[in-house]
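Engineer: One structure coming up, written as structure tokens, with questions to follow.
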2 protein chains.
Amino acid sequence: MSNTALALMACAGVCIGSHAWAQPPTDCKPSALNIPGAPYPCVYPDHRVMFRVAASDAQKVRVRIGSGFDMTKGPDGLWYATTTPQVIGFHYYTLAIDGAVVADPSTRTFFGSGYDNSAIEVPDPDGDYYAMKDVPRGQVRQRWYQSKVTGSWRRAYIYTPPDYDTNTKAKYPVLYLLHGWGENEHGWHVQGHVDVIMDNLIAEKKAKPMIIVMDNLNAVKPGESAALYFARGSLTQAVAEPPPVPGAAPAGRAAGPGRGGRGSLASSVFTEMMLTDLIPMVEQTFRVAPGRENRAMAGLSMGGAQTFGTALAHLDKFAHLGGFSGSSGGRGGFDPKTSNGGVFADAAAFNKKVKVLFLGIGSAEGPGTKTFSEQLTQAGIKNIYYESPGTAHEWLTWRRCFKEFAPRLFR
Amino acid sequence: MSNTALALMACAGVCIGSHAWAQPPTDCKPSALNIPGAPYPCVYPDHRVMFRVAASDAQKVRVRIGSGFDMTKGPDGLWYATTTPQVIGFHYYTLAIDGAVVADPSTRTFFGSGYDNSAIEVPDPDGDYYAMKDVPRGQVRQRWYQSKVTGSWRRAYIYTPPDYDTNTKAKYPVLYLLHGWGENEHGWHVQGHVDVIMDNLIAEKKAKPMIIVMDNLNAVKPGESAALYFARGSLTQAVAEPPPVPGAAPAGRAAGPGRGGRGSLASSVFTEMMLTDLIPMVEQTFRVAPGRENRAMAGLSMGGAQTFGTALAHLDKFAHLGGFSGSSGGRGGFDPKTSNGGVFADAAAFNKKVKVLFLGIGSAEGPGTKTFSEQLTQAGIKNIYYESPGTAHEWLTWRRCFKEFAPRLFR
């Protein structure tokens, strides 16, 4: 039986959603994040994206990406939309079908904004650093652990470098790496490809082999509602930000006015959980090099705010810090003598203690992070400022930030 | 600020889909598979399930679980449905919103039927064996590898037992464990909780510590379409089965008439890939005990058919086999002299070679597997038949099958 006949028979039995086998225009290539075999959404060479949705009886269908695009019903009864050219990289999106906001069944789903969104990937011509190559591969390991502080089981994903299981006497430095608001412990290896980036950097000898711990930045005390996970970040949204783009974390959160204080969006419960439960579990389970100089912490967006909140208050435990589109400073209110509990007051002492202080941001995200970097520099605090060209508060910014950050660690 | 005030502010900023904070009846408990903080879907003590969906402008909303239930719009403008009592365990489901079949944004998503479905979990009073307990924990490791046979990067998840990283001289037997039609390499540890079950069995000394390799049973040659992934299984659906329940693999597939031949639904590409690429990668990467007696293969549904197709044809490589709601035999056409390439013709030789031949099924799935077990017994072939009481072609059947199967391995 021919493949075509097989596909037709299959379609008669199970085609639902937008899984039909009709093909898009030849220059519109299926997004890498589609479910196997799905031709839509597809991306044109000029980065317009074409969507297709089956919703036979709907009155109004809209694809919620960027400013949003109304879909129109084609002669085949399916709904279509082609967007304006999109920025390269990973974009969350959802559909609005007669008022229901849902994931598109044509793509894999990705946890963002507190639920499973759809996403597309607009190929980056400079994305070679997160491409799968024939290099030695590390592992990403799921490890459940019990937290005394939250009174719950928690899950961490731990990247181990390619030689971890063969170089059995070696001990490795550790980076604790956090996702953003509304995301979870999957973010960095699923949306961020951090394991692939590290394998490539290690193969090129650009970064030291290290362990990377990806935990969930949400932590509540026993009895508190998990709904607080999302309240914490969205508090700022409701107060200070324009209506959020679906799936995107609030852009200015960590850099907004009046938030120069120590980690005002950082959770003290997370910090306590990390010091009491997570770090001891990691150091009992993996071959970890001892001491603060072998320990780094970084995060994106709210995870950056958490990093600054946790690590600046515990510099006896961390020597390397990174904030990607999120830290603890911003446009106003920074005073080196008092901000962040006065940790920047003695610049010479700080510079001796902190080996890497990295601030990254997308060029489309506004001036807050650059301003913070300049304020730090003016106060004599050594720091690295990196700006991702042309990108916003999205995963391509954070992949690039990570690629710039990781090679500087543990030198 | 009170938690309530926080939640209200959050809701003003970001409430979408069915994420509003209103609470269900107190005896209706949120499903364990809901996104953090979501009160719906919830499960009543009598196993009725209550769903809620936001779809302000929809004309018709239906929840596609079991035979399906129409939803009705409440005075709050949200859609509600309460089902009849459901069977205990894990059930995939989707919503139909004005003809669009989509996941419910209130639950995490689970890959089944070739895309990301919603799911609910109706608690099993005997589900202690897959509950998180304070026992030593293994890991589930993501490992990418290059396949020469498929010309692609593939991903396997590998469970390593709790003592793997400390008992560093030990070598472990390996079980290769496959998901079903339309699922993927996540199925066994996400839907199946296989890592939790193993940790518990090992802690109780009921099963030997082993490595479990969970790969994707779909494999196509370079240039072939991934759409064939779903055509292969659904071929049978279109030909022989009633319209499929959303998310469930076709119940009778591996036990249908005329399929007593060797692995007619098994893919020779997968077998070739497994022998050429997967097993060598596993044995180079992990501390694996050598030889066929330390190698087992099992799978559910189409993965059971694949197991019988692969392993019965290569008994020089496998000494333990399991088919959970799927194997290679069934209601008719079984001839011990010729079926499965004549591998059952010499019962004494087969029994000497195959240490475990396990056939499991849900009691609601029909008589095919029991018949096959009886046919084998009649032909002198030792086998173990296990029937999961009250369950159908769903994950609770397969969790139970695994719990019965694993303790018998590598004895």
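As shown in the structure tokens, the chain order sets the letters A, B, ...; within each chain, residues go from 1, and ligands are also counted from 1 in the order they appear.
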So that I can check the surroundings of Ser147 (chain B), please list as a ChimeraX atom specification every protein, DNA and RNA residue that reaches within 9 Å of it, counting only C-alpha atoms and ignoring chain neighbours fewer than 5 positions away.
Structural biologist: /B:152-154,273,276-278
Engineer: Set the distance at 8 Å and use only C-alpha atoms: which residues neighbour Gly360 (chain B) once local chain neighbours fewer than 5 positions away are removed? I'd like the list as a tab-separated table (two decimals) with N, CA and C atoms, in the first residue's frame.
Structural biologist:
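For reference, out19.tsv as written:
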```tsv
chain	number	residue	atom	x	y	z
B	322	GLY	N	7.00	-8.44	27.68
B	322	GLY	CA	5.71	-8.07	28.22
B	322	GLY	C	4.87	-7.33	27.19
B	323	GLY	N	3.61	-7.72	27.09
B	323	GLY	CA	2.66	-6.97	26.27
B	323	GLY	C	1.50	-6.55	27.14
B	324	PHE	N	1.29	-5.24	27.25
B	324	PHE	CA	0.20	-4.70	28.08
B	324	PHE	C	-0.86	-4.17	27.12
B	325	SER	N	-2.00	-4.82	27.07
B	325	SER	CA	-3.07	-4.44	26.13
B	325	SER	C	-2.56	-4.42	24.70
B	369	THR	N	-6.74	-10.95	24.58
B	369	THR	CA	-5.47	-11.26	25.22
B	369	THR	C	-5.58	-12.54	26.06
B	385	TYR	N	-0.68	-14.42	32.67
B	385	TYR	CA	-1.81	-13.58	32.25
B	385	TYR	C	-2.26	-12.75	33.42
B	386	TYR	N	-2.37	-11.44	33.21
B	386	TYR	CA	-2.83	-10.54	34.27
B	386	TYR	C	-3.97	-9.68	33.75
B	387	GLU	N	-5.04	-9.61	34.51
B	387	GLU	CA	-6.19	-8.80	34.11
B	387	GLU	C	-6.43	-7.71	35.15
B	388	SER	N	-6.44	-6.48	34.69
B	388	SER	CA	-6.67	-5.35	35.60
B	388	SER	C	-8.17	-5.17	35.78
B	401	CYS	N	-0.27	-3.20	35.11
B	401	CYS	CA	0.50	-4.23	34.39
B	401	CYS	C	1.97	-4.12	34.75
```
Engineer: Just the number, please: distance in Å from CA of Asp215 (chain A) to CA of Val288 (chain A), one decimal.
Structural biologist: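 So the answer is 16.8 Å.
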Engineer: Using backbone DSSP assignments, extract all strand (DSSP E) residues from region 23-160 of chain A; output them as JSON, numbers by chain.
Structural biologist: {"A": [29, 30, 42, 43, 49, 50, 51, 52, 53, 61, 62, 63, 64, 69, 70, 72, 73, 79, 80, 81, 82, 89, 90, 91, 92, 93, 94, 95, 96, 97, 100, 101, 102, 110, 111, 112, 115, 116, 117, 118, 119, 120, 121, 122, 139, 140, 141, 142, 143, 144, 145, 146, 147, 152, 153, 154, 155, 156, 157, 158, 159, 160]}
Engineer: Can you tell me, as a VMD selection string, what residues are no more than 6 Å from region 179-183 of chain B when counting only C-alpha atoms, ignoring any on the same chain fewer than 2 positions away?
Structural biologist: chain B and resid 111 to 114 187 233 249 299 to 303
Engineer: Show which residues sit within 12 Å of His189 (chain B), as a PyMOL selection string. Count only C-alpha atoms, and ignore same-chain residues fewer than 6 positions away.
Structural biologist: (chain A and resi 142) or (chain B and resi 110+130+138-142+156-159+177-179+183+195-198+212-215+395+398-399+402)
Engineer: With only C-alpha atoms as the counted atoms, please give the residues lying no more than 7 Å from Asn383 (chain B), apart from itself and same-chain residues fewer than 2 positions off, as a PDB file with C-alpha atoms, in the first residue's frame.
Structural biologist:
```
ATOM      1  CA  VAL B 356       9.123 -14.206  31.360  1.00  0.00           C
ATOM      2  CA  LEU B 357       6.287 -13.962  28.848  1.00  0.00           C
ATOM      3  CA  PHE B 358       3.743 -11.596  30.336  1.00  0.00           C
ATOM      4  CA  SER B 373      -2.724 -16.577  26.732  1.00  0.00           C
ATOM      5  CA  THR B 377      -0.751 -22.360  27.401  1.00  0.00           C
ATOM      6  CA  ILE B 381       4.170 -22.074  26.202  1.00  0.00           C
ATOM      7  CA  TYR B 385      -1.805 -13.579  32.251  1.00  0.00           C
TER       8      TYR B 385
END
```
Engineer: Report, in Å with one decimal, the straight-line distance from CA of Val49 (chain B) to CA of Ala103 (chain A).
Structural biologist: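 Distance reported for this atom pair: 22.2 Å.
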Engineer: In Å, with one decimal, what is the gap from CA of Cys28 (chain B) to CA of Tyr40 (chain B)?
Structural biologist: 8.9 Å
Engineer: So which residues touch region 343-349 of chain B within 7 Å, counting only C-alpha atoms, skipping near sequence neighbours fewer than 6 positions away, as a PDB file with C-alpha atoms, in the first residue's frame?
Structural biologist:
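This is the output file selection-v9.pdb:
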```pdb
ATOM      1  CA  LEU B 312      10.246 -12.732  19.263  1.00  0.00           C
ATOM      2  CA  PRO B 336       1.705 -22.439  17.356  1.00  0.00           C
ATOM      3  CA  LYS B 337       3.555 -24.115  14.499  1.00  0.00           C
ATOM      4  CA  ALA B 379       0.604 -25.039  23.035  1.00  0.00           C
ATOM      5  CA  GLY B 380       2.768 -25.608  26.105  1.00  0.00           C
ATOM      6  CA  ILE B 381       4.170 -22.074  26.202  1.00  0.00           C
TER       7      ILE B 381
END
```
Engineer: List the neighbours of region 66-83 of chain B out to 7 Å using only C-alpha atoms; skip same-chain residues closer than 2 positions along the sequence, and give me the result as a list in words.
Structural biologist: Arg48, Val49, Met50, Phe51, Arg52, Val53, Ala54, Ala55, Ser56, Val61, Arg62, Val63, Arg64, Pro85 and Val245 of chain B
Engineer: Save the residues we just selected, N, CA, C and O atoms, as a compact mmCIF listing (two decimals), in the first residue's frame?
Structural biologist:
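Here's the written file result_38.txt:
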```txt
# COMPACT_ATOMS: atom_id res chain seq x y z
N ARG B 48 -17.98 11.30 39.67
CA ARG B 48 -18.43 12.24 38.64
C ARG B 48 -17.38 13.33 38.52
O ARG B 48 -16.71 13.68 39.51
N VAL B 49 -17.22 13.87 37.33
CA VAL B 49 -16.23 14.92 37.11
C VAL B 49 -16.95 16.17 36.63
O VAL B 49 -17.83 16.11 35.76
N MET B 50 -16.58 17.30 37.20
CA MET B 50 -17.19 18.57 36.86
C MET B 50 -16.16 19.40 36.09
O MET B 50 -15.02 19.59 36.54
N PHE B 51 -16.58 19.87 34.92
CA PHE B 51 -15.70 20.68 34.06
C PHE B 51 -16.22 22.10 33.98
O PHE B 51 -17.42 22.35 34.08
N ARG B 52 -15.33 23.03 33.76
CA ARG B 52 -15.74 24.41 33.51
C ARG B 52 -14.84 25.01 32.43
O ARG B 52 -13.62 24.82 32.47
N VAL B 53 -15.44 25.73 31.51
CA VAL B 53 -14.70 26.30 30.38
C VAL B 53 -15.21 27.72 30.13
O VAL B 53 -16.42 27.96 30.16
N ALA B 54 -14.27 28.63 29.87
CA ALA B 54 -14.64 29.98 29.45
C ALA B 54 -14.67 30.04 27.93
O ALA B 54 -13.65 29.75 27.28
N ALA B 55 -15.82 30.33 27.37
CA ALA B 55 -15.95 30.46 25.91
C ALA B 55 -17.14 31.38 25.67
O ALA B 55 -18.23 30.93 25.30
N SER B 56 -16.90 32.67 25.91
CA SER B 56 -18.01 33.64 26.04
C SER B 56 -18.95 33.66 24.86
O SER B 56 -20.16 33.82 25.03
N VAL B 61 -20.52 23.86 23.32
CA VAL B 61 -19.28 23.38 23.94
C VAL B 61 -19.54 21.99 24.49
O VAL B 61 -20.57 21.74 25.13
N ARG B 62 -18.61 21.10 24.21
CA ARG B 62 -18.78 19.71 24.60
C ARG B 62 -17.46 19.22 25.19
O ARG B 62 -16.39 19.59 24.71
N VAL B 63 -17.53 18.43 26.25
CA VAL B 63 -16.31 17.83 26.78
C VAL B 63 -16.25 16.39 26.29
O VAL B 63 -17.18 15.61 26.47
N ARG B 64 -15.17 16.07 25.59
CA ARG B 64 -15.04 14.80 24.90
C ARG B 64 -14.31 13.79 25.80
O ARG B 64 -13.13 13.53 25.68
N PRO B 85 -20.45 9.02 36.68
CA PRO B 85 -19.24 8.53 37.35
C PRO B 85 -18.25 7.90 36.36
O PRO B 85 -18.66 7.13 35.49
N VAL B 245 -12.25 6.74 20.70
CA VAL B 245 -12.39 7.66 21.82
C VAL B 245 -11.21 8.63 21.73
O VAL B 245 -10.09 8.20 21.50
```
Engineer: Please identify the alpha helix (DSSP H) residues within region 250-344 of chain B (assignment by DSSP from backbone atoms) and present them as a ChimeraX atom specification.
Structural biologist: /B:268-273,279-285,302-312,339-342
Engineer: For chain A, which residue among B:Phe286, B:Phe334, B:Tyr172, B:Trp188 is the nearest when counting only C-alpha atoms?
Structural biologist: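 Ranked by minimum distance to chain A, first place goes to B:Phe286.
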